[in-house]
file run-v2.csv (CSV, C-alpha atoms)
chain,number,residue,atom,x,y,z
A,521,MET,CA,-48.1,-24.6,-22.2
A,522,LEU,CA,-46.5,-21.4,-21.0
A,523,CYS,CA,-43.4,-20.2,-22.9
A,524,ARG,CA,-40.5,-18.3,-21.2
A,525,ASP,CA,-41.9,-14.9,-22.3
A,526,GLU,CA,-45.3,-15.7,-20.8
A,527,VAL,CA,-43.7,-16.7,-17.5
A,528,LEU,CA,-41.6,-13.5,-17.5
A,529,HIS,CA,-44.8,-11.4,-18.3
A,530,ILE,CA,-46.6,-13.0,-15.4
A,531,PHE,CA,-43.7,-12.3,-13.1
A,532,ARG,CA,-43.4,-8.7,-14.2
A,533,GLU,CA,-47.2,-8.1,-14.0
A,534,THR,CA,-47.3,-9.4,-10.4
A,535,GLY,CA,-44.2,-7.6,-9.2
A,536,VAL,CA,-42.0,-10.7,-8.7
A,537,LEU,CA,-38.9,-9.2,-10.3
A,538,LEU,CA,-37.4,-6.4,-8.2
A,539,GLU,CA,-34.4,-4.1,-8.9
A,540,GLY,CA,-32.0,-2.7,-6.2
A,541,HIS,CA,-29.4,-4.0,-3.8
A,542,PHE,CA,-30.5,-7.2,-2.1
A,543,LEU,CA,-29.2,-9.7,0.5
A,544,LEU,CA,-30.1,-13.1,-0.7
A,545,THR,CA,-30.9,-16.2,1.5
A,546,SER,CA,-27.5,-17.5,0.5
A,547,GLY,CA,-25.8,-14.5,2.0
A,548,ARG,CA,-24.7,-13.2,-1.4
A,549,HIS,CA,-25.7,-9.7,-2.7
A,550,SER,CA,-27.6,-9.0,-6.0
A,551,SER,CA,-29.1,-6.2,-8.0
A,552,GLN,CA,-32.2,-8.3,-8.7
A,553,TYR,CA,-34.5,-10.2,-6.4
A,554,LEU,CA,-37.3,-12.5,-7.3
A,555,GLN,CA,-40.1,-12.3,-4.7
A,556,CYS,CA,-42.2,-15.3,-5.9
A,557,ALA,CA,-44.7,-14.7,-3.1
A,558,GLN,CA,-46.1,-11.9,-5.2
A,559,VAL,CA,-47.3,-14.4,-7.9
A,560,LEU,CA,-48.1,-17.2,-5.5
A,561,LYS,CA,-50.6,-15.0,-3.6
A,562,HIS,CA,-52.8,-15.4,-6.7
A,563,PRO,CA,-54.2,-19.0,-6.5
A,564,ASP,CA,-55.1,-19.0,-10.2
A,565,LEU,CA,-51.6,-18.0,-11.3
A,566,ALA,CA,-50.0,-20.4,-8.7
A,567,ALA,CA,-52.1,-23.2,-10.1
A,568,ARG,CA,-51.2,-22.4,-13.7
A,569,LEU,CA,-47.5,-22.2,-13.0
A,570,CYS,CA,-47.5,-25.4,-11.0
A,571,ARG,CA,-49.5,-27.2,-13.6
A,572,GLN,CA,-46.8,-26.2,-16.2
A,573,LEU,CA,-44.0,-27.4,-13.9
A,574,THR,CA,-45.7,-30.7,-13.2
A,575,GLU,CA,-46.7,-31.5,-16.8
A,576,GLU,CA,-43.9,-33.9,-17.5
A,577,LEU,CA,-44.0,-35.3,-14.0
A,578,LYS,CA,-47.5,-36.8,-14.3
A,579,GLU,CA,-46.0,-40.0,-15.8
A,580,LYS,CA,-43.5,-40.5,-13.0
A,581,GLU,CA,-44.1,-42.5,-9.9
A,582,LEU,CA,-44.1,-40.1,-7.0
A,583,ASP,CA,-45.2,-40.7,-3.4
A,584,LEU,CA,-44.9,-37.1,-2.1
A,585,VAL,CA,-43.8,-33.5,-2.8
A,586,ILE,CA,-41.8,-31.5,-0.3
A,587,GLY,CA,-40.4,-27.9,-0.2
A,588,PRO,CA,-38.4,-25.9,2.3
A,589,ALA,CA,-40.3,-23.3,4.3
A,590,LEU,CA,-41.2,-20.7,3.4
A,591,GLY,CA,-40.7,-20.5,-0.3
A,592,GLY,CA,-41.6,-24.1,-1.1
A,593,ILE,CA,-44.8,-24.5,1.0
A,594,ILE,CA,-47.3,-23.2,-1.5
A,595,LEU,CA,-45.5,-24.9,-4.4
A,596,ALA,CA,-45.4,-28.2,-2.6
A,597,TYR,CA,-49.1,-28.0,-1.8
A,598,GLU,CA,-50.2,-27.0,-5.3
A,599,MET,CA,-47.9,-29.5,-7.0
A,600,GLY,CA,-49.0,-32.2,-4.6
A,601,ARG,CA,-52.6,-31.4,-5.4
A,602,THR,CA,-51.9,-31.4,-9.1
A,603,LEU,CA,-50.0,-34.7,-8.9
A,604,GLY,CA,-52.4,-36.4,-6.4
A,605,VAL,CA,-49.8,-37.0,-3.7
A,606,PRO,CA,-49.3,-35.6,-0.2
A,607,ALA,CA,-47.4,-32.3,0.2
A,608,LEU,CA,-45.0,-31.7,3.1
A,609,PHE,CA,-42.6,-28.9,4.0
A,610,ALA,CA,-39.3,-28.9,5.9
A,611,GLU,CA,-38.3,-26.1,8.2
A,612,ARG,CA,-35.5,-24.8,10.2
A,613,GLY,CA,-35.2,-26.1,13.8
A,614,GLU,CA,-32.1,-25.1,15.8
A,615,GLY,CA,-30.4,-23.8,12.7
A,616,LYS,CA,-30.9,-26.9,10.4
A,617,MET,CA,-33.5,-28.1,8.1
A,618,THR,CA,-35.8,-30.7,9.6
A,619,LEU,CA,-39.2,-32.4,9.4
A,620,ARG,CA,-41.5,-31.2,12.1
A,621,ARG,CA,-45.3,-31.2,12.8
A,622,GLY,CA,-45.4,-35.0,12.7
A,623,PHE,CA,-44.3,-35.1,9.0
A,624,ARG,CA,-42.5,-38.3,8.1
A,625,VAL,CA,-40.9,-39.8,5.0
A,626,GLU,CA,-41.0,-43.5,4.8
A,627,PRO,CA,-38.0,-45.5,3.5
A,628,GLY,CA,-38.2,-46.0,-0.2
A,629,GLU,CA,-40.7,-43.2,-0.9
A,630,LYS,CA,-40.1,-41.4,-4.2
A,631,VAL,CA,-40.0,-37.6,-3.5
A,632,LEU,CA,-40.1,-34.5,-5.6
A,633,VAL,CA,-38.3,-31.5,-4.0
A,634,VAL,CA,-39.7,-28.1,-4.9
A,635,GLU,CA,-38.6,-24.5,-4.3
A,636,ASP,CA,-39.6,-21.1,-5.6
A,637,VAL,CA,-36.2,-19.7,-6.4
A,638,ILE,CA,-32.7,-21.2,-6.3
A,639,THR,CA,-29.4,-19.3,-6.4
A,640,THR,CA,-26.9,-21.7,-4.8
A,641,GLY,CA,-29.3,-24.5,-4.1
A,642,GLY,CA,-28.5,-24.6,-0.4
A,643,SER,CA,-32.0,-25.0,0.9
A,644,VAL,CA,-32.8,-27.7,-1.6
A,645,ARG,CA,-29.7,-29.6,-0.8
A,646,GLU,CA,-30.6,-29.4,2.9
A,647,VAL,CA,-34.0,-30.8,2.2
A,648,MET,CA,-32.5,-33.6,0.0
A,649,GLU,CA,-30.3,-34.5,2.9
A,650,VAL,CA,-33.2,-34.7,5.4
A,651,LEU,CA,-35.1,-36.9,2.9
A,652,ARG,CA,-32.1,-39.2,2.4
A,653,GLN,CA,-31.5,-39.6,6.1
A,654,ALA,CA,-35.1,-40.7,6.4
A,655,GLY,CA,-34.6,-43.2,3.6
A,656,GLY,CA,-36.6,-41.4,1.0
A,657,GLY,CA,-35.4,-41.3,-2.6
A,658,VAL,CA,-35.3,-37.9,-4.2
A,659,THR,CA,-36.3,-38.3,-7.9
A,660,GLU,CA,-36.2,-34.7,-9.1
A,661,VAL,CA,-36.0,-31.0,-8.2
A,662,ALA,CA,-38.5,-28.5,-9.6
A,663,VAL,CA,-38.3,-24.8,-9.2
A,664,LEU,CA,-40.1,-21.7,-10.5
A,665,VAL,CA,-36.8,-19.8,-11.1
A,666,ASP,CA,-33.3,-21.0,-11.4
A,667,ARG,CA,-31.1,-17.9,-10.9
A,668,SER,CA,-28.0,-19.9,-11.8
A,669,ALA,CA,-29.0,-20.1,-15.4
A,670,GLY,CA,-28.5,-23.9,-15.3
A,671,SER,CA,-25.1,-23.9,-13.7
A,672,LEU,CA,-26.3,-25.7,-10.6
A,673,ALA,CA,-25.9,-29.5,-10.6
A,674,PHE,CA,-27.8,-31.8,-8.3
A,675,ASP,CA,-27.5,-35.6,-8.5
A,676,VAL,CA,-31.1,-35.7,-9.8
A,677,PRO,CA,-32.7,-33.8,-12.7
A,678,LEU,CA,-33.6,-30.2,-12.2
A,679,ARG,CA,-36.5,-28.6,-14.0
A,680,SER,CA,-37.4,-24.9,-13.9
A,681,LEU,CA,-40.0,-22.7,-15.4
A,682,LEU,CA,-37.5,-19.9,-15.8
A,683,SER,CA,-33.8,-19.9,-15.9
A,684,LEU,CA,-32.0,-16.6,-15.5
A,685,ALA,CA,-28.4,-15.5,-15.3
A,686,VAL,CA,-28.7,-13.0,-12.4
A,687,GLU,CA,-25.4,-11.9,-11.0
A,688,SER,CA,-24.7,-12.3,-7.3
A,689,TYR,CA,-21.7,-11.3,-5.3
A,690,PRO,CA,-19.9,-12.3,-2.1
A,691,PRO,CA,-20.4,-9.3,0.3
A,692,ARG,CA,-16.8,-8.3,0.2
A,693,GLU,CA,-16.8,-8.2,-3.6
A,694,CYS,CA,-20.2,-6.5,-4.1
A,695,PRO,CA,-20.0,-3.4,-6.4
A,696,LEU,CA,-23.4,-2.3,-5.1
A,697,CYS,CA,-21.9,-2.0,-1.6
A,698,ARG,CA,-19.0,0.0,-3.0
A,699,LYS,CA,-21.5,2.4,-4.5
A,700,GLY,CA,-23.1,2.8,-1.1
A,701,LEU,CA,-26.5,1.6,-2.2
A,702,PRO,CA,-28.6,0.5,0.8
A,703,LEU,CA,-28.9,-3.2,1.3
A,704,VAL,CA,-32.4,-4.7,1.5
A,705,LYS,CA,-33.2,-8.1,3.0
A,706,PRO,CA,-36.5,-9.1,1.4
A,707,GLY,CA,-36.3,-12.8,2.1
A,708,SER,CA,-37.5,-14.7,5.2
A,709,ARG,CA,-34.3,-16.2,6.6
A,710,LYS,CA,-31.4,-14.7,8.6
call {"tool": "encode", "arguments": {"input": "run-v2.csv", "output": "C-alpha cells"}}
result
Amino acid sequence: MLCRDEVLHIFRETGVLLEGHFLLTSGRHSSQYLQCAQVLKHPDLAARLCRQLTEELKEKELDLVIGPALGGIILAYEMGRTLGVPALFAERGEGKMTLRRGFRVEPGEKVLVVEDVITTGGSVREVMEVLRQAGGGVTEVAVLVDRSAGSLAFDVPLRSLLSLAVESYPPRECPLCRKGLPLVKPGSRK
C-alpha cells in the first residue's frame, strides 16, 4: 500500500507537479498543474498506482471501466486489466462527450469511471451522463488526484490516491494574471 507521502514522492520524481500560471481544462487558472502523463508514461509506476486505486474495488461487481480521453485512457486500460474487465474511453465529438469507435455500454452494466485529475469534475460528470443515457449504472469514480481536496460531490463514491487543496481562479479574478505572469495551457482540450 502506498501512503500519501509515497504518492507525492512518485509525482515529484516524475515531474507531475508543475509550478507557474496555468489554464486548466475547466477554464480556470492555477499556480500549480498536475501533468499525470509524466507518471503514466512509466508502465511500472502506472501499474503500481492503479493497483493501489483498485485495491478496494476488487470485491465489487464491475462490468467495465471507462475514462474520458485523454487523461483517463491509460487509467481505464490499466484498471480494467487489474480488475479483469473491459476498458473503454469517451471522447469529444462535436463539442460533447460521446462513445465512439464502436464502444457500447449495455443497459444495467456496472461501470467504474476513472480520470487522472479532477478540479471541477466536469469531464467525469459528462462521462457519467453518457453512461446513464446508455443505461449503464455508474458505481464509483476513481481518480489519481482530486484537486478539490474532497469538496466535489458526485452521486456515487469518489476515491482518489491523492487529495490536494490547489487554488484555482476564474480568469477575471486571477492574481497571476494581474501580476502579468504568462499563461500556459499544458492540457489537451480547448
call {"tool": "closest_residue", "arguments": {"input": "run-v2.csv", "among": "A:Leu682, A:Leu603, A:Val634, A:Pro588", "to": "A:Leu619", "atoms": "all atoms listed in the file"}}
result
A:Pro588
call {"tool": "atom_distance", "arguments": {"input": "run-v2.csv", "atom1": "atom CA of A:Leu632", "atom2": "atom CA of A:Arg620"}}
result
18.1 Å
call {"tool": "closest_residue", "arguments": {"input": "run-v2.csv", "among": "A:Val647, A:Val676, A:Leu565, A:Val605", "to": "A:Leu582", "atoms": "only C-alpha atoms"}}
result
A:Val605
call {"tool": "atom_distance", "arguments": {"input": "run-v2.csv", "atom1": "atom CA of A:Ser668", "atom2": "atom CA of A:Asp525"}}
result
18.1 Å
call {"tool": "closest_residue", "arguments": {"input": "run-v2.csv", "among": "A:Val686, A:Ala596, A:Leu573, A:Ala610", "to": "A:Leu537", "atoms": "only C-alpha atoms"}}
result
A:Val686
call {"tool": "residues_near_point", "arguments": {"input": "run-v2.csv", "point": "(-45.6, -33.6, 13.5)", "cutoff": "12 Å", "atoms": "only C-alpha atoms", "output": "list in words"}}
result
Leu608, Phe609, Ala610, Glu611, Thr618, Leu619, Arg620, Arg621, Gly622, Phe623, Arg624 and Val625 of chain A
call {"tool": "closest_residue", "arguments": {"input": "run-v2.csv", "among": "A:Ala607, A:Leu681, A:Val704, A:Leu696", "to": "A:Thr545", "atoms": "all atoms listed in the file"}}
result
A:Val704
call {"tool": "residues_near_point", "arguments": {"input": "run-v2.csv", "point": "(-42.5, -20.0, 5.9)", "cutoff": "8 Å", "atoms": "all atoms listed in the file", "output": "list in words"}}
result
Ala589, Leu590, Gly591, Ile593, Glu611 and Ser708 of chain A
call {"tool": "closest_residue", "arguments": {"input": "run-v2.csv", "among": "A:Pro627, A:Gly656, A:Gly587, A:Pro690", "to": "A:Ser643", "atoms": "all atoms listed in the file"}}
result
A:Gly587
call {"tool": "closest_residue", "arguments": {"input": "run-v2.csv", "among": "A:Pro706, A:Gly670, A:Gly642, A:Gly700", "to": "A:Lys616", "atoms": "only C-alpha atoms"}}
result
A:Gly642
call {"tool": "atom_distance", "arguments": {"input": "run-v2.csv", "atom1": "atom CA of A:Glu660", "atom2": "atom CA of A:Met648"}}
result
9.9 Å
call {"tool": "residues_around", "arguments": {"input": "run-v2.csv", "residues": "A:Phe674", "least_positions_apart": "3", "cutoff": "12 Å", "atoms": "only C-alpha atoms", "output": "list in words"}}
result
Val633, Ile638, Thr640, Gly641, Gly642, Val644, Arg645, Glu646, Met648, Glu649, Val658, Thr659, Glu660, Val661, Ala662, Gly670, Ser671, Pro677, Leu678 and Arg679 of chain A
call {"tool": "residues_around", "arguments": {"input": "run-v2.csv", "residues": "A:Gly657", "least_positions_apart": "4", "cutoff": "8 Å", "atoms": "all atoms listed in the file", "output": "PDB file with C-alpha atoms, in the coordinates of the input"}}
result
ATOM      1  CA  PRO A 627     -38.000 -45.500   3.500  1.00  0.00           C
ATOM      2  CA  GLY A 628     -38.200 -46.000  -0.200  1.00  0.00           C
ATOM      3  CA  GLU A 629     -40.700 -43.200  -0.900  1.00  0.00           C
ATOM      4  CA  LYS A 630     -40.100 -41.400  -4.200  1.00  0.00           C
ATOM      5  CA  VAL A 631     -40.000 -37.600  -3.500  1.00  0.00           C
ATOM      6  CA  LEU A 651     -35.100 -36.900   2.900  1.00  0.00           C
ATOM      7  CA  ARG A 652     -32.100 -39.200   2.400  1.00  0.00           C
TER       8      ARG A 652
END
call {"tool": "build_atoms", "arguments": {"input": "run-v2.csv", "residues": "stretch 606-634 of chain A", "atoms": "N, CA and C atoms", "output": "PDB file, in the coordinates of the input"}}
result
ATOM      1  N   PRO A 606     -49.394 -36.502  -1.346  1.00  0.00           N
ATOM      2  CA  PRO A 606     -49.300 -35.600  -0.200  1.00  0.00           C
ATOM      3  C   PRO A 606     -48.163 -34.560  -0.395  1.00  0.00           C
ATOM      4  N   ALA A 607     -48.332 -33.442   0.289  1.00  0.00           N
ATOM      5  CA  ALA A 607     -47.400 -32.300   0.200  1.00  0.00           C
ATOM      6  C   ALA A 607     -46.900 -32.008   1.641  1.00  0.00           C
ATOM      7  N   LEU A 608     -45.578 -31.989   1.822  1.00  0.00           N
ATOM      8  CA  LEU A 608     -45.000 -31.700   3.100  1.00  0.00           C
ATOM      9  C   LEU A 608     -44.067 -30.450   2.939  1.00  0.00           C
ATOM     10  N   PHE A 609     -43.607 -29.916   4.072  1.00  0.00           N
ATOM     11  CA  PHE A 609     -42.600 -28.900   4.000  1.00  0.00           C
ATOM     12  C   PHE A 609     -41.560 -29.193   5.133  1.00  0.00           C
ATOM     13  N   ALA A 610     -40.321 -28.835   4.859  1.00  0.00           N
ATOM     14  CA  ALA A 610     -39.300 -28.900   5.900  1.00  0.00           C
ATOM     15  C   ALA A 610     -39.024 -27.497   6.356  1.00  0.00           C
ATOM     16  N   GLU A 611     -38.581 -27.384   7.601  1.00  0.00           N
ATOM     17  CA  GLU A 611     -38.300 -26.100   8.200  1.00  0.00           C
ATOM     18  C   GLU A 611     -37.119 -26.096   9.062  1.00  0.00           C
ATOM     19  N   ARG A 612     -36.635 -24.914   9.369  1.00  0.00           N
ATOM     20  CA  ARG A 612     -35.500 -24.800  10.200  1.00  0.00           C
ATOM     21  C   ARG A 612     -35.841 -25.030  11.679  1.00  0.00           C
ATOM     22  N   GLY A 613     -35.064 -25.850  12.330  1.00  0.00           N
ATOM     23  CA  GLY A 613     -35.200 -26.100  13.800  1.00  0.00           C
ATOM     24  C   GLY A 613     -33.797 -26.123  14.332  1.00  0.00           C
ATOM     25  N   GLU A 614     -33.464 -25.201  15.221  1.00  0.00           N
ATOM     26  CA  GLU A 614     -32.100 -25.100  15.800  1.00  0.00           C
ATOM     27  C   GLU A 614     -31.056 -24.988  14.719  1.00  0.00           C
ATOM     28  N   GLY A 615     -31.365 -24.172  13.706  1.00  0.00           N
ATOM     29  CA  GLY A 615     -30.400 -23.800  12.700  1.00  0.00           C
ATOM     30  C   GLY A 615     -30.227 -24.820  11.548  1.00  0.00           C
ATOM     31  N   LYS A 616     -30.989 -25.915  11.559  1.00  0.00           N
ATOM     32  CA  LYS A 616     -30.900 -26.900  10.400  1.00  0.00           C
ATOM     33  C   LYS A 616     -32.237 -27.292   9.954  1.00  0.00           C
ATOM     34  N   MET A 617     -32.288 -27.672   8.692  1.00  0.00           N
ATOM     35  CA  MET A 617     -33.500 -28.100   8.100  1.00  0.00           C
ATOM     36  C   MET A 617     -33.967 -29.423   8.685  1.00  0.00           C
ATOM     37  N   THR A 618     -35.262 -29.526   8.976  1.00  0.00           N
ATOM     38  CA  THR A 618     -35.800 -30.700   9.600  1.00  0.00           C
ATOM     39  C   THR A 618     -37.256 -30.907   9.264  1.00  0.00           C
ATOM     40  N   LEU A 619     -37.750 -32.116   9.480  1.00  0.00           N
ATOM     41  CA  LEU A 619     -39.200 -32.400   9.400  1.00  0.00           C
ATOM     42  C   LEU A 619     -39.777 -32.211  10.764  1.00  0.00           C
ATOM     43  N   ARG A 620     -40.832 -31.443  10.874  1.00  0.00           N
ATOM     44  CA  ARG A 620     -41.500 -31.200  12.100  1.00  0.00           C
ATOM     45  C   ARG A 620     -42.996 -31.455  11.940  1.00  0.00           C
ATOM     46  N   ARG A 621     -43.794 -31.127  12.926  1.00  0.00           N
ATOM     47  CA  ARG A 621     -45.300 -31.200  12.800  1.00  0.00           C
ATOM     48  C   ARG A 621     -45.791 -32.572  12.558  1.00  0.00           C
ATOM     49  N   GLY A 622     -45.010 -33.582  12.913  1.00  0.00           N
ATOM     50  CA  GLY A 622     -45.400 -35.000  12.700  1.00  0.00           C
ATOM     51  C   GLY A 622     -45.223 -35.453  11.264  1.00  0.00           C
ATOM     52  N   PHE A 623     -44.585 -34.635  10.406  1.00  0.00           N
ATOM     53  CA  PHE A 623     -44.300 -35.100   9.000  1.00  0.00           C
ATOM     54  C   PHE A 623     -43.271 -36.186   9.063  1.00  0.00           C
ATOM     55  N   ARG A 624     -43.489 -37.186   8.209  1.00  0.00           N
ATOM     56  CA  ARG A 624     -42.500 -38.300   8.100  1.00  0.00           C
ATOM     57  C   ARG A 624     -42.386 -38.694   6.637  1.00  0.00           C
ATOM     58  N   VAL A 625     -41.211 -39.193   6.343  1.00  0.00           N
ATOM     59  CA  VAL A 625     -40.900 -39.800   5.000  1.00  0.00           C
ATOM     60  C   VAL A 625     -40.572 -41.225   5.288  1.00  0.00           C
ATOM     61  N   GLU A 626     -41.267 -42.113   4.620  1.00  0.00           N
ATOM     62  CA  GLU A 626     -41.000 -43.500   4.800  1.00  0.00           C
ATOM     63  C   GLU A 626     -39.860 -43.987   3.910  1.00  0.00           C
ATOM     64  N   PRO A 627     -39.090 -44.952   4.366  1.00  0.00           N
ATOM     65  CA  PRO A 627     -38.000 -45.500   3.500  1.00  0.00           C
ATOM     66  C   PRO A 627     -38.554 -45.951   2.175  1.00  0.00           C
ATOM     67  N   GLY A 628     -37.837 -45.571   1.138  1.00  0.00           N
ATOM     68  CA  GLY A 628     -38.200 -46.000  -0.200  1.00  0.00           C
ATOM     69  C   GLY A 628     -39.189 -45.072  -0.926  1.00  0.00           C
ATOM     70  N   GLU A 629     -39.770 -44.092  -0.220  1.00  0.00           N
ATOM     71  CA  GLU A 629     -40.700 -43.200  -0.900  1.00  0.00           C
ATOM     72  C   GLU A 629     -39.988 -42.362  -1.935  1.00  0.00           C
ATOM     73  N   LYS A 630     -40.665 -42.163  -3.056  1.00  0.00           N
ATOM     74  CA  LYS A 630     -40.100 -41.400  -4.200  1.00  0.00           C
ATOM     75  C   LYS A 630     -40.627 -39.933  -3.984  1.00  0.00           C
ATOM     76  N   VAL A 631     -39.673 -39.004  -3.864  1.00  0.00           N
ATOM     77  CA  VAL A 631     -40.000 -37.600  -3.500  1.00  0.00           C
ATOM     78  C   VAL A 631     -39.539 -36.609  -4.491  1.00  0.00           C
ATOM     79  N   LEU A 632     -40.414 -35.660  -4.778  1.00  0.00           N
ATOM     80  CA  LEU A 632     -40.100 -34.500  -5.600  1.00  0.00           C
ATOM     81  C   LEU A 632     -39.821 -33.342  -4.650  1.00  0.00           C
ATOM     82  N   VAL A 633     -38.667 -32.683  -4.800  1.00  0.00           N
ATOM     83  CA  VAL A 633     -38.300 -31.500  -4.000  1.00  0.00           C
ATOM     84  C   VAL A 633     -38.607 -30.269  -4.825  1.00  0.00           C
ATOM     85  N   VAL A 634     -39.332 -29.311  -4.233  1.00  0.00           N
ATOM     86  CA  VAL A 634     -39.700 -28.100  -4.900  1.00  0.00           C
ATOM     87  C   VAL A 634     -39.241 -26.859  -4.170  1.00  0.00           C
TER      88      VAL A 634
END
